file final10.cif (mmCIF, C-alpha atoms, pLDDT in the B column; chains and numbers go by the auth columns)
data_coords
loop_
_atom_site.group_PDB
_atom_site.id
_atom_site.type_symbol
_atom_site.label_atom_id
_atom_site.label_comp_id
_atom_site.label_asym_id
_atom_site.label_seq_id
_atom_site.Cartn_x
_atom_site.Cartn_y
_atom_site.Cartn_z
_atom_site.B_iso_or_equiv
_atom_site.auth_seq_id
_atom_site.auth_asym_id
ATOM 1 C CA MET A 1 23.805 28.107 100.066 52.00 1 A
ATOM 2 C CA LYS A 2 23.513 24.813 98.313 54.00 2 A
ATOM 3 C CA GLN A 3 20.165 23.185 98.823 54.00 3 A
ATOM 4 C CA ARG A 4 20.124 19.482 99.520 59.00 4 A
ATOM 5 C CA VAL A 5 18.527 17.556 96.709 56.00 5 A
ATOM 6 C CA PRO A 6 15.896 15.321 98.239 54.00 6 A
ATOM 7 C CA SER A 7 16.740 11.690 97.756 65.00 7 A
ATOM 8 C CA ILE A 8 14.157 9.150 96.723 68.00 8 A
ATOM 9 C CA ASN A 9 13.860 8.112 100.351 84.00 9 A
ATOM 10 C CA ASP A 10 13.037 11.654 101.432 87.00 10 A
ATOM 11 C CA THR A 11 10.400 11.904 98.749 87.00 11 A
ATOM 12 C CA GLN A 12 8.908 8.584 99.701 87.00 12 A
ATOM 13 C CA ALA A 13 8.952 9.568 103.356 89.00 13 A
ATOM 14 C CA ARG A 14 7.113 12.813 102.635 91.00 14 A
ATOM 15 C CA ARG A 15 4.589 11.037 100.465 92.00 15 A
ATOM 16 C CA TRP A 16 4.010 8.459 103.183 92.00 16 A
ATOM 17 C CA ALA A 17 3.593 11.175 105.830 94.00 17 A
ATOM 18 C CA ARG A 18 1.144 13.094 103.626 95.00 18 A
ATOM 19 C CA ARG A 19 -0.878 9.968 102.952 94.00 19 A
ATOM 20 C CA LEU A 20 -0.902 9.098 106.638 95.00 20 A
ATOM 21 C CA SER A 21 -2.052 12.592 107.671 96.00 21 A
ATOM 22 C CA ALA A 22 -4.791 12.539 105.053 96.00 22 A
ATOM 23 C CA ARG A 23 -6.063 9.206 106.403 95.00 23 A
ATOM 24 C CA VAL A 24 -5.954 10.482 109.980 96.00 24 A
ATOM 25 C CA GLU A 25 -7.930 13.596 109.013 96.00 25 A
ATOM 26 C CA LYS A 26 -10.489 11.519 107.125 95.00 26 A
ATOM 27 C CA ILE A 27 -11.076 9.283 110.145 95.00 27 A
ATOM 28 C CA LEU A 28 -11.326 12.300 112.440 96.00 28 A
ATOM 29 C CA VAL A 29 -14.131 13.694 110.295 95.00 29 A
ATOM 30 C CA SER A 30 -16.318 10.691 111.104 93.00 30 A
ATOM 31 C CA HIS A 31 -14.918 10.307 114.662 95.00 31 A
ATOM 32 C CA PRO A 32 -14.353 13.868 115.889 95.00 32 A
ATOM 33 C CA ASP A 33 -13.876 12.745 119.518 95.00 33 A
ATOM 34 C CA ALA A 34 -11.072 10.345 118.653 96.00 34 A
ATOM 35 C CA ASP A 35 -7.522 11.132 119.639 97.00 35 A
ATOM 36 C CA ARG A 36 -5.349 12.052 116.659 97.00 36 A
ATOM 37 C CA ASP A 37 -2.286 10.243 118.051 97.00 37 A
ATOM 38 C CA ASN A 38 -4.197 7.028 118.734 97.00 38 A
ATOM 39 C CA ILE A 39 -5.482 7.031 115.153 97.00 39 A
ATOM 40 C CA ARG A 40 -2.044 7.792 113.726 97.00 40 A
ATOM 41 C CA HIS A 41 -0.310 5.107 115.802 96.00 41 A
ATOM 42 C CA THR A 42 -2.950 2.523 114.863 97.00 42 A
ATOM 43 C CA LEU A 43 -2.533 3.275 111.147 97.00 43 A
ATOM 44 C CA ILE A 44 1.251 2.977 111.477 95.00 44 A
ATOM 45 C CA LEU A 45 0.939 -0.331 113.347 96.00 45 A
ATOM 46 C CA LEU A 46 -1.452 -1.664 110.717 95.00 46 A
ATOM 47 C CA GLU A 47 1.369 -1.378 108.188 92.00 47 A
ATOM 48 C CA GLN A 48 3.225 -4.090 110.123 92.00 48 A
ATOM 49 C CA PRO A 49 2.441 -7.819 110.353 93.00 49 A
ATOM 50 C CA PRO A 50 0.281 -8.784 113.388 94.00 50 A
ATOM 51 C CA LEU A 51 3.033 -10.710 115.192 92.00 51 A
ATOM 52 C CA ALA A 52 5.447 -7.795 114.843 92.00 52 A
ATOM 53 C CA ARG A 53 2.808 -5.560 116.465 94.00 53 A
ATOM 54 C CA LEU A 54 2.510 -7.960 119.389 93.00 54 A
ATOM 55 C CA GLN A 55 6.269 -8.096 119.755 91.00 55 A
ATOM 56 C CA ARG A 56 6.531 -4.293 119.985 91.00 56 A
ATOM 57 C CA SER A 57 3.769 -4.244 122.561 92.00 57 A
ATOM 58 C CA LEU A 58 5.366 -6.964 124.716 90.00 58 A
ATOM 59 C CA ILE A 59 8.806 -5.322 124.603 88.00 59 A
ATOM 60 C CA ARG A 60 7.343 -1.982 125.697 85.00 60 A
ATOM 61 C CA GLY A 61 5.089 -3.567 128.308 83.00 61 A
ATOM 62 C CA ARG A 62 7.950 -5.465 129.919 76.00 62 A
ATOM 63 C CA ALA A 63 10.244 -2.454 129.812 75.00 63 A
ATOM 64 C CA THR A 64 7.590 -0.414 131.625 71.00 64 A
ATOM 65 C CA ALA A 65 7.218 -3.159 134.237 65.00 65 A
ATOM 66 C CA ILE A 66 10.990 -3.279 134.828 62.00 66 A
ATOM 67 C CA PHE A 67 11.113 0.515 135.094 59.00 67 A
ATOM 68 C CA ARG A 68 8.354 0.449 137.730 56.00 68 A
ATOM 69 C CA LYS A 69 10.205 -2.123 139.908 51.00 69 A
ATOM 70 C CA MET B 1 13.721 -10.753 106.220 47.00 1 B
ATOM 71 C CA ALA B 2 10.789 -12.261 108.062 57.00 2 B
ATOM 72 C CA ALA B 3 9.157 -10.255 110.846 53.00 3 B
ATOM 73 C CA PRO B 4 10.510 -11.124 114.308 59.00 4 B
ATOM 74 C CA LEU B 5 8.328 -13.411 116.355 75.00 5 B
ATOM 75 C CA PRO B 6 7.026 -12.220 119.722 79.00 6 B
ATOM 76 C CA PHE B 7 7.377 -15.758 121.061 81.00 7 B
ATOM 77 C CA SER B 8 10.399 -17.751 122.187 80.00 8 B
ATOM 78 C CA GLU B 9 10.936 -21.134 120.603 82.00 9 B
ATOM 79 C CA SER B 10 9.232 -22.943 123.487 83.00 10 B
ATOM 80 C CA GLU B 11 6.290 -20.503 123.619 87.00 11 B
ATOM 81 C CA LEU B 12 5.765 -20.942 119.912 88.00 12 B
ATOM 82 C CA ARG B 13 5.971 -24.723 120.298 89.00 13 B
ATOM 83 C CA LEU B 14 3.301 -24.697 122.989 91.00 14 B
ATOM 84 C CA LEU B 15 0.914 -22.724 120.782 93.00 15 B
ATOM 85 C CA GLN B 16 1.614 -24.992 117.823 93.00 16 B
ATOM 86 C CA VAL B 17 1.061 -28.150 119.876 94.00 17 B
ATOM 87 C CA LEU B 18 -2.251 -26.775 121.223 95.00 18 B
ATOM 88 C CA LEU B 19 -3.348 -25.988 117.665 95.00 19 B
ATOM 89 C CA LYS B 20 -2.163 -29.341 116.343 95.00 20 B
ATOM 90 C CA ARG B 21 -4.175 -31.127 119.029 95.00 21 B
ATOM 91 C CA LYS B 22 -7.205 -29.011 118.048 95.00 22 B
ATOM 92 C CA VAL B 23 -7.631 -27.461 121.489 96.00 23 B
ATOM 93 C CA ARG B 24 -10.259 -24.724 121.271 96.00 24 B
ATOM 94 C CA PHE B 25 -8.748 -21.512 122.604 97.00 25 B
ATOM 95 C CA MET B 26 -8.276 -17.927 121.521 97.00 26 B
ATOM 96 C CA VAL B 27 -6.083 -14.960 122.302 97.00 27 B
ATOM 97 C CA VAL B 28 -8.007 -12.273 124.207 97.00 28 B
ATOM 98 C CA GLY B 29 -7.278 -9.038 126.071 96.00 29 B
ATOM 99 C CA LEU B 30 -4.712 -6.421 125.139 96.00 30 B
ATOM 100 C CA SER B 31 -2.428 -8.892 123.371 95.00 31 B
ATOM 101 C CA ALA B 32 -5.333 -9.666 121.028 97.00 32 B
ATOM 102 C CA ALA B 33 -5.945 -5.928 120.602 97.00 33 B
ATOM 103 C CA THR B 34 -2.331 -5.270 119.750 96.00 34 B
ATOM 104 C CA LEU B 35 -2.364 -8.060 117.127 96.00 35 B
ATOM 105 C CA GLN B 36 -5.125 -6.036 115.452 97.00 36 B
ATOM 106 C CA GLY B 37 -3.221 -2.754 115.522 96.00 37 B
ATOM 107 C CA ALA B 38 -4.261 -1.130 118.811 97.00 38 B
ATOM 108 C CA PRO B 39 -1.380 0.987 120.155 96.00 39 B
ATOM 109 C CA VAL B 40 -1.384 -0.485 123.659 96.00 40 B
ATOM 110 C CA VAL B 41 1.266 -2.305 125.670 94.00 41 B
ATOM 111 C CA THR B 42 0.975 -5.597 127.484 93.00 42 B
ATOM 112 C CA GLN B 43 3.196 -7.907 129.499 89.00 43 B
ATOM 113 C CA ASP B 44 1.580 -11.242 128.719 90.00 44 B
ATOM 114 C CA VAL B 45 -0.670 -13.080 126.327 94.00 45 B
ATOM 115 C CA ASP B 46 -4.131 -13.977 127.634 95.00 46 B
ATOM 116 C CA LEU B 47 -5.574 -17.242 126.412 96.00 47 B
ATOM 117 C CA TRP B 48 -9.253 -18.151 126.812 97.00 48 B
ATOM 118 C CA PHE B 49 -9.923 -21.897 126.688 95.00 49 B
ATOM 119 C CA GLU B 50 -13.302 -23.445 126.063 95.00 50 B
ATOM 120 C CA ASN B 51 -12.653 -26.307 128.477 92.00 51 B
ATOM 121 C CA LEU B 52 -9.621 -26.254 130.727 90.00 52 B
ATOM 122 C CA GLY B 53 -10.348 -29.781 131.937 88.00 53 B
ATOM 123 C CA GLU B 54 -9.711 -31.231 128.476 90.00 54 B
ATOM 124 C CA LEU B 55 -7.138 -34.025 128.378 92.00 55 B
ATOM 125 C CA LYS B 56 -5.796 -32.546 125.126 94.00 56 B
ATOM 126 C CA ILE B 57 -4.524 -29.514 127.041 93.00 57 B
ATOM 127 C CA SER B 58 -2.565 -31.445 129.653 91.00 58 B
ATOM 128 C CA ARG B 59 -1.126 -33.690 126.934 92.00 59 B
ATOM 129 C CA ALA B 60 -0.046 -30.644 124.912 92.00 60 B
ATOM 130 C CA LEU B 61 1.568 -29.144 128.002 92.00 61 B
ATOM 131 C CA GLN B 62 3.345 -32.418 128.786 91.00 62 B
ATOM 132 C CA GLU B 63 4.659 -32.530 125.238 91.00 63 B
ATOM 133 C CA VAL B 64 6.481 -29.216 125.743 89.00 64 B
ATOM 134 C CA GLY B 65 7.525 -29.880 129.344 90.00 65 B
ATOM 135 C CA ALA B 66 4.950 -27.623 130.986 92.00 66 B
ATOM 136 C CA ALA B 67 2.019 -28.245 133.329 91.00 67 B
ATOM 137 C CA TYR B 68 -1.372 -26.829 134.273 90.00 68 B
ATOM 138 C CA LEU B 69 -1.838 -25.544 137.822 90.00 69 B
ATOM 139 C CA PRO B 70 -5.527 -25.438 138.788 88.00 70 B
ATOM 140 C CA PRO B 71 -6.753 -22.405 140.749 88.00 71 B
ATOM 141 C CA SER B 72 -6.082 -22.425 144.488 89.00 72 B
ATOM 142 C CA ALA B 73 -6.268 -20.007 147.401 87.00 73 B
ATOM 143 C CA ILE B 74 -2.880 -18.577 146.427 87.00 74 B
ATOM 144 C CA ASN B 75 -2.930 -18.595 142.636 87.00 75 B
ATOM 145 C CA PRO B 76 -5.299 -18.267 139.692 88.00 76 B
ATOM 146 C CA PRO B 77 -5.316 -21.094 137.124 90.00 77 B
ATOM 147 C CA MET B 78 -1.961 -20.986 135.392 91.00 78 B
ATOM 148 C CA PHE B 79 0.554 -22.767 133.236 91.00 79 B
ATOM 149 C CA ALA B 80 4.008 -23.490 134.602 91.00 80 B
ATOM 150 C CA GLY B 81 7.238 -24.684 133.062 88.00 81 B
ATOM 151 C CA ALA B 82 9.100 -24.284 129.842 74.00 82 B
ATOM 152 C CA GLY B 83 7.606 -21.682 127.574 74.00 83 B
ATOM 153 C CA ALA B 84 4.288 -21.449 129.355 85.00 84 B
ATOM 154 C CA GLU B 85 4.879 -18.518 131.693 82.00 85 B
ATOM 155 C CA LEU B 86 4.098 -15.862 129.096 87.00 86 B
ATOM 156 C CA PHE B 87 0.550 -17.109 128.811 92.00 87 B
ATOM 157 C CA ASP B 88 -2.153 -16.115 131.268 92.00 88 B
ATOM 158 C CA ILE B 89 -5.248 -18.264 131.492 94.00 89 B
ATOM 159 C CA VAL B 90 -8.582 -16.489 131.305 91.00 90 B
ATOM 160 C CA ILE B 91 -11.580 -18.307 132.703 84.00 91 B
ATOM 161 C CA ARG B 92 -14.240 -15.668 132.172 85.00 92 B
ATOM 162 C CA MET B 93 -14.721 -12.656 129.970 92.00 93 B
ATOM 163 C CA ASP B 94 -17.018 -9.885 131.179 94.00 94 B
ATOM 164 C CA GLY B 95 -19.773 -8.679 128.884 96.00 95 B
ATOM 165 C CA LEU B 96 -19.325 -11.383 126.250 97.00 96 B
ATOM 166 C CA GLY B 97 -21.292 -14.395 125.065 95.00 97 B
ATOM 167 C CA THR B 98 -20.287 -18.005 125.501 95.00 98 B
ATOM 168 C CA PHE B 99 -16.890 -19.185 124.326 96.00 99 B
ATOM 169 C CA ALA B 100 -18.531 -20.945 121.369 96.00 100 B
ATOM 170 C CA ASP B 101 -20.321 -17.761 120.234 96.00 101 B
ATOM 171 C CA GLU B 102 -17.215 -15.614 120.496 97.00 102 B
ATOM 172 C CA PHE B 103 -15.050 -18.296 118.866 96.00 103 B
ATOM 173 C CA LYS B 104 -17.334 -18.300 115.828 96.00 104 B
ATOM 174 C CA ASN B 105 -16.786 -14.575 115.325 94.00 105 B
ATOM 175 C CA SER B 106 -13.095 -14.505 116.174 97.00 106 B
ATOM 176 C CA ILE B 107 -10.490 -13.540 113.618 96.00 107 B
ATOM 177 C CA GLU B 108 -7.530 -15.626 112.485 97.00 108 B
ATOM 178 C CA ILE B 109 -3.874 -14.638 112.610 95.00 109 B
ATOM 179 C CA PRO B 110 -1.363 -16.821 110.744 92.00 110 B
ATOM 180 C CA LEU B 111 1.156 -18.561 112.996 91.00 111 B
ATOM 181 C CA GLY B 112 3.448 -20.478 110.698 87.00 112 B
ATOM 182 C CA ARG B 113 1.270 -22.973 108.866 90.00 113 B
ATOM 183 C CA GLN B 114 -1.455 -22.749 111.485 93.00 114 B
ATOM 184 C CA LYS B 115 -4.019 -20.118 112.344 95.00 115 B
ATOM 185 C CA LEU B 116 -4.357 -18.559 115.775 96.00 116 B
ATOM 186 C CA LYS B 117 -7.881 -17.544 116.791 97.00 117 B
ATOM 187 C CA VAL B 118 -8.066 -14.022 118.205 98.00 118 B
ATOM 188 C CA LEU B 119 -11.015 -12.216 119.792 98.00 119 B
ATOM 189 C CA SER B 120 -12.026 -9.302 117.554 97.00 120 B
ATOM 190 C CA LEU B 121 -11.148 -5.753 118.560 97.00 121 B
ATOM 191 C CA GLU B 122 -14.839 -4.886 118.725 97.00 122 B
ATOM 192 C CA ARG B 123 -15.488 -7.647 121.275 98.00 123 B
ATOM 193 C CA ILE B 124 -12.349 -6.803 123.290 97.00 124 B
ATOM 194 C CA LEU B 125 -13.732 -3.279 123.666 98.00 125 B
ATOM 195 C CA VAL B 126 -17.095 -4.671 124.817 97.00 126 B
ATOM 196 C CA SER B 127 -15.358 -6.815 127.450 97.00 127 B
ATOM 197 C CA LYS B 128 -13.188 -3.946 128.709 96.00 128 B
ATOM 198 C CA ILE B 129 -16.225 -1.671 129.042 97.00 129 B
ATOM 199 C CA ALA B 130 -18.069 -4.395 130.966 97.00 130 B
ATOM 200 C CA ALA B 131 -15.100 -5.183 133.244 94.00 131 B
ATOM 201 C CA ASN B 132 -14.543 -1.461 133.876 93.00 132 B
ATOM 202 C CA ARG B 133 -11.543 -1.914 136.195 92.00 133 B
ATOM 203 C CA ALA B 134 -9.205 1.038 136.721 93.00 134 B
ATOM 204 C CA LYS B 135 -6.708 -0.387 134.211 90.00 135 B
ATOM 205 C CA ASP B 136 -9.485 -1.009 131.677 92.00 136 B
ATOM 206 C CA LYS B 137 -10.644 2.588 131.933 93.00 137 B
ATOM 207 C CA LEU B 138 -7.213 3.704 130.739 93.00 138 B
ATOM 208 C CA THR B 139 -7.294 1.563 127.627 95.00 139 B
ATOM 209 C CA ILE B 140 -10.962 1.967 126.589 97.00 140 B
ATOM 210 C CA PRO B 141 -10.448 5.281 124.702 97.00 141 B
ATOM 211 C CA VAL B 142 -7.365 3.902 122.912 97.00 142 B
ATOM 212 C CA LEU B 143 -9.230 0.736 121.888 98.00 143 B
ATOM 213 C CA ARG B 144 -12.197 2.813 120.711 97.00 144 B
ATOM 214 C CA ASP B 145 -9.944 4.975 118.526 97.00 145 B
ATOM 215 C CA ALA B 146 -8.067 1.927 117.204 97.00 146 B
ATOM 216 C CA LEU B 147 -11.396 0.348 116.260 97.00 147 B
ATOM 217 C CA ALA B 148 -12.436 3.512 114.417 96.00 148 B
ATOM 218 C CA ALA B 149 -9.155 3.472 112.485 96.00 149 B
ATOM 219 C CA THR B 150 -9.273 -0.231 111.610 95.00 150 B
ATOM 220 C CA GLN B 151 -12.930 -0.087 110.546 92.00 151 B
ATOM 221 C CA SER B 152 -12.301 2.913 108.358 89.00 152 B
ATOM 222 C CA LEU B 153 -9.352 1.156 106.743 83.00 153 B
ATOM 223 C CA LYS B 154 -11.482 -1.962 106.126 82.00 154 B
ATOM 224 C CA ARG B 155 -14.210 0.143 104.481 80.00 155 B
ATOM 225 C CA ARG B 156 -11.562 1.764 102.292 77.00 156 B
ATOM 226 C CA THR B 157 -10.159 -1.613 101.248 76.00 157 B
ATOM 227 C CA LYS B 158 -13.654 -2.931 100.459 74.00 158 B
ATOM 228 C CA LYS B 159 -14.405 0.078 98.224 73.00 159 B
ATOM 229 C CA LYS B 160 -11.265 -0.579 96.099 68.00 160 B
#
call {"tool": "encode", "arguments": {"input": "final10.cif", "output": "structure tokens"}}
result
Amino acid sequence: MKQRVPSINDTQARRWARRLSARVEKILVSHPDADRDNIRHTLILLEQPPLARLQRSLIRGRATAIFRK
Amino acid sequence: MAAPLPFSESELRLLQVLLKRKVRFMVVGLSAATLQGAPVVTQDVDLWFENLGELKISRALQEVGAAYLPPSAINPPMFAGAGAELFDIVIRMDGLGTFADEFKNSIEIPLGRQKLKVLSLERILVSKIAANRAKDKLTIPVLRDALAATQSLKRRTKKK
């Protein structure tokens, strides 16, 4: 079977994921009670500009409110 | 491509007019937390004003076609009209110092050419712990973890 040659994007994605996991683990060492997902999501959000973070939050918050109605 | 704005044109205009008129206010609550990377959701943007009775505020609201509704038996203090509905007015923050003290230690987020003052994540956590309502209890652990992540990232950046 022919193996798919990883594209540059795949490589970059793996590198990014590895770097992210390493940062999460490092933070968990000094904050063992912290939730892994909260840390991971915060680090991902910190890669975006502040106003984009707020926009995501508002979209999700309003969608949840509509769903509840 | 520039990042999308969370505000409509009229919401953005209101914030810009308030800043232009040098009204002292800051973004607080979960919207402030989310601006700093906390993975939480919110439906509105809470604004804490130093002095709601200031003429500058009503003039700014007039300029964008909105108005201030003082608190009554049926509603809390609120803004009404074009572009103002997204914003919730906060008149007190549990567990924090005076507006002036918190303002001094707030952080700044660029909003076009202006800078929006935002209560720091650390202080948001303090206020949520002090308020301790059922909805606050749900977000406290997330805010605590987000603070740990942001502080660790800051330390890392400083070391470089």
call {"tool": "atom_distance", "arguments": {"input": "final10.cif", "atom1": "CA of Ala33 (chain B)", "atom2": "CA of Pro50 (chain A)"}}
result
9.9 Å
call {"tool": "closest_residue", "arguments": {"input": "final10.cif", "among": "B:Leu5, B:Ala80, B:Met26, B:Leu121", "to": "chain A", "atoms": "all atoms listed in the file"}}
result
B:Leu5
call {"tool": "closest_atom_pairs", "arguments": {"input": "final10.cif", "of": "chain A", "to": "chain B", "cutoff": "12 Å", "atoms": "all atoms listed in the file", "output": "CSV"}}
result
residue,atom,partner,partner_atom,distance
A:Leu20,CA,B:Ala149,CA,11.6
A:Arg23,CA,B:Leu153,CA,8.7
A:Val24,CA,B:Ala149,CA,8.1
A:Glu25,CA,B:Ala149,CA,10.8
A:Lys26,CA,B:Ser152,CA,8.9
A:Ile27,CA,B:Ala149,CA,6.6
A:Leu28,CA,B:Ala148,CA,9.1
A:Val29,CA,B:Ser152,CA,11.1
A:Ser30,CA,B:Ala148,CA,8.8
A:His31,CA,B:Ala148,CA,7.2
A:Pro32,CA,B:Asp145,CA,10.3
A:Asp33,CA,B:Asp145,CA,8.8
A:Ala34,CA,B:Asp145,CA,5.5
A:Asp35,CA,B:Asp145,CA,6.7
A:Arg36,CA,B:Asp145,CA,8.6
A:Asp37,CA,B:Asp145,CA,9.3
A:Asn38,CA,B:Val142,CA,6.1
A:Ile39,CA,B:Ala149,CA,5.8
A:Arg40,CA,B:Ala149,CA,8.4
A:His41,CA,B:Pro39,CA,6.1
A:Thr42,CA,B:Gly37,CA,5.3
A:Leu43,CA,B:Ala149,CA,6.8
A:Ile44,CA,B:Gly37,CA,8.3
A:Leu45,CA,B:Gly37,CA,5.3
A:Leu46,CA,B:Gly37,CA,5.2
A:Glu47,CA,B:Gly37,CA,8.8
A:Gln48,CA,B:Gly37,CA,8.5
A:Pro49,CA,B:Ala3,CA,7.2
A:Pro50,CA,B:Leu35,CA,4.6
A:Leu51,CA,B:Leu5,CA,6.1
A:Ala52,CA,B:Ala3,CA,6.0
A:Arg53,CA,B:Leu35,CA,5.8
A:Leu54,CA,B:Leu35,CA,5.4
A:Gln55,CA,B:Pro6,CA,4.2
A:Arg56,CA,B:Pro6,CA,7.9
A:Ser57,CA,B:Val41,CA,4.4
A:Leu58,CA,B:Gln43,CA,5.3
A:Ile59,CA,B:Gln43,CA,7.9
A:Arg60,CA,B:Val41,CA,6.1
A:Gly61,CA,B:Thr42,CA,4.7
A:Arg62,CA,B:Gln43,CA,5.4
A:Ala63,CA,B:Gln43,CA,8.9
A:Thr64,CA,B:Val41,CA,8.9
A:Ala65,CA,B:Gln43,CA,7.8
A:Ile66,CA,B:Gln43,CA,10.5
call {"tool": "atom_distance", "arguments": {"input": "final10.cif", "atom1": "CA of Thr139 (chain B)", "atom2": "CA of Glu122 (chain B)"}}
result
13.3 Å
call {"tool": "atom_distance", "arguments": {"input": "final10.cif", "atom1": "CA of Gly81 (chain B)", "atom2": "CA of Gln62 (chain B)"}}
result
9.7 Å
call {"tool": "residues_around", "arguments": {"input": "final10.cif", "residues": "Phe25 (chain B)", "least_positions_apart": "5", "cutoff": "7 Å", "atoms": "all atoms listed in the file", "output": "PyMOL selection string"}}
result
chain B and resi 47-50
call {"tool": "residues_near_point", "arguments": {"input": "final10.cif", "point": "(-0.2, -28.2, 116.1)", "cutoff": "12 Å", "atoms": "all atoms listed in the file", "output": "PyMOL selection string"}}
result
chain B and resi 12-24+56-57+60+63-64+111-116
call {"tool": "closest_residue", "arguments": {"input": "final10.cif", "among": "B:Ile129, B:Ala134, B:Leu52, B:Val27", "to": "Leu69 (chain B)", "atoms": "all atoms listed in the file"}}
result
B:Leu52
call {"tool": "closest_residue", "arguments": {"input": "final10.cif", "among": "B:Leu138, B:Ala66, B:Val28, B:Ala131", "to": "Asp94 (chain B)", "atoms": "only C-alpha atoms"}}
result
B:Ala131
call {"tool": "resolve_selection", "arguments": {"input": "final10.cif", "expression": "the PyMOL selection byres ((chain B and resi 104) around 12)", "output": "PDB file with C-alpha atoms, in the coordinates of the input"}}
result
ATOM      1  CA  ARG B  24     -10.259 -24.724 121.271  1.00 96.00           C
ATOM      2  CA  PHE B  25      -8.748 -21.512 122.604  1.00 97.00           C
ATOM      3  CA  MET B  26      -8.276 -17.927 121.521  1.00 97.00           C
ATOM      4  CA  GLY B  97     -21.292 -14.395 125.065  1.00 95.00           C
ATOM      5  CA  THR B  98     -20.287 -18.005 125.501  1.00 95.00           C
ATOM      6  CA  PHE B  99     -16.890 -19.185 124.326  1.00 96.00           C
ATOM      7  CA  ALA B 100     -18.531 -20.945 121.369  1.00 96.00           C
ATOM      8  CA  ASP B 101     -20.321 -17.761 120.234  1.00 96.00           C
ATOM      9  CA  GLU B 102     -17.215 -15.614 120.496  1.00 97.00           C
ATOM     10  CA  PHE B 103     -15.050 -18.296 118.866  1.00 96.00           C
ATOM     11  CA  ASN B 105     -16.786 -14.575 115.325  1.00 94.00           C
ATOM     12  CA  SER B 106     -13.095 -14.505 116.174  1.00 97.00           C
ATOM     13  CA  ILE B 107     -10.490 -13.540 113.618  1.00 96.00           C
ATOM     14  CA  GLU B 108      -7.530 -15.626 112.485  1.00 97.00           C
ATOM     15  CA  LYS B 117      -7.881 -17.544 116.791  1.00 97.00           C
ATOM     16  CA  VAL B 118      -8.066 -14.022 118.205  1.00 98.00           C
ATOM     17  CA  LEU B 119     -11.015 -12.216 119.792  1.00 98.00           C
ATOM     18  CA  SER B 120     -12.026  -9.302 117.554  1.00 97.00           C
TER      19      SER B 120
END
call {"tool": "axis_aligned_box", "arguments": {"input": "final10.cif", "around": "region 9-15 of chain B", "padding_each_side": "6 Å", "output": "AutoDock Vina command-line options"}}
result
--center_x 5.9 --center_y -22.6 --center_z 121.8 --size_x 22.0 --size_y 16.2 --size_z 15.7
call {"tool": "closest_residue", "arguments": {"input": "final10.cif", "among": "B:Leu125, B:Glu11, B:Pro77, B:Gly95", "to": "Ile140 (chain B)", "atoms": "all atoms listed in the file"}}
result
B:Leu125
call {"tool": "build_atoms", "arguments": {"input": "final10.cif", "residues": "region 55-68 of chain B", "atoms": "N, CA and C atoms", "output": "mmCIF file, keeping the file's coordinate frame"}}
result
data_model
loop_
_atom_site.group_PDB
_atom_site.id
_atom_site.type_symbol
_atom_site.label_atom_id
_atom_site.label_comp_id
_atom_site.auth_asym_id
_atom_site.auth_seq_id
_atom_site.Cartn_x
_atom_site.Cartn_y
_atom_site.Cartn_z
ATOM 1 N N LEU B 55 -8.363 -33.216 128.320
ATOM 2 C CA LEU B 55 -7.138 -34.025 128.378
ATOM 3 C C LEU B 55 -6.112 -33.534 127.343
ATOM 4 N N LYS B 56 -6.668 -33.021 126.217
ATOM 5 C CA LYS B 56 -5.796 -32.546 125.126
ATOM 6 C C LYS B 56 -4.857 -31.450 125.609
ATOM 7 N N ILE B 57 -5.349 -30.629 126.552
ATOM 8 C CA ILE B 57 -4.524 -29.514 127.041
ATOM 9 C C ILE B 57 -3.359 -30.044 127.878
ATOM 10 N N SER B 58 -3.669 -30.934 128.822
ATOM 11 C CA SER B 58 -2.565 -31.445 129.653
ATOM 12 C C SER B 58 -1.566 -32.243 128.822
ATOM 13 N N ARG B 59 -2.049 -32.939 127.804
ATOM 14 C CA ARG B 59 -1.126 -33.690 126.934
ATOM 15 C C ARG B 59 -0.226 -32.727 126.151
ATOM 16 N N ALA B 60 -0.834 -31.643 125.663
ATOM 17 C CA ALA B 60 -0.046 -30.644 124.912
ATOM 18 C C ALA B 60 1.015 -30.025 125.818
ATOM 19 N N LEU B 61 0.621 -29.736 127.053
ATOM 20 C CA LEU B 61 1.568 -29.144 128.002
ATOM 21 C C LEU B 61 2.704 -30.122 128.315
ATOM 22 N N GLN B 62 2.329 -31.377 128.517
ATOM 23 C CA GLN B 62 3.345 -32.418 128.786
ATOM 24 C C GLN B 62 4.351 -32.495 127.640
ATOM 25 N N GLU B 63 3.813 -32.404 126.436
ATOM 26 C CA GLU B 63 4.659 -32.530 125.238
ATOM 27 C C GLU B 63 5.761 -31.473 125.202
ATOM 28 N N VAL B 64 5.461 -30.286 125.765
ATOM 29 C CA VAL B 64 6.481 -29.216 125.743
ATOM 30 C C VAL B 64 7.162 -29.053 127.100
ATOM 31 N N GLY B 65 6.874 -29.944 128.034
ATOM 32 C CA GLY B 65 7.525 -29.880 129.344
ATOM 33 C C GLY B 65 6.921 -28.846 130.273
ATOM 34 N N ALA B 66 5.633 -28.576 130.108
ATOM 35 C CA ALA B 66 4.950 -27.623 130.986
ATOM 36 C C ALA B 66 3.785 -28.332 131.686
ATOM 37 N N ALA B 67 3.129 -27.622 132.594
ATOM 38 C CA ALA B 67 2.019 -28.245 133.329
ATOM 39 C C ALA B 67 0.951 -27.213 133.654
ATOM 40 N N TYR B 68 -0.256 -27.704 133.901
ATOM 41 C CA TYR B 68 -1.372 -26.829 134.273
ATOM 42 C C TYR B 68 -1.527 -26.837 135.794
#
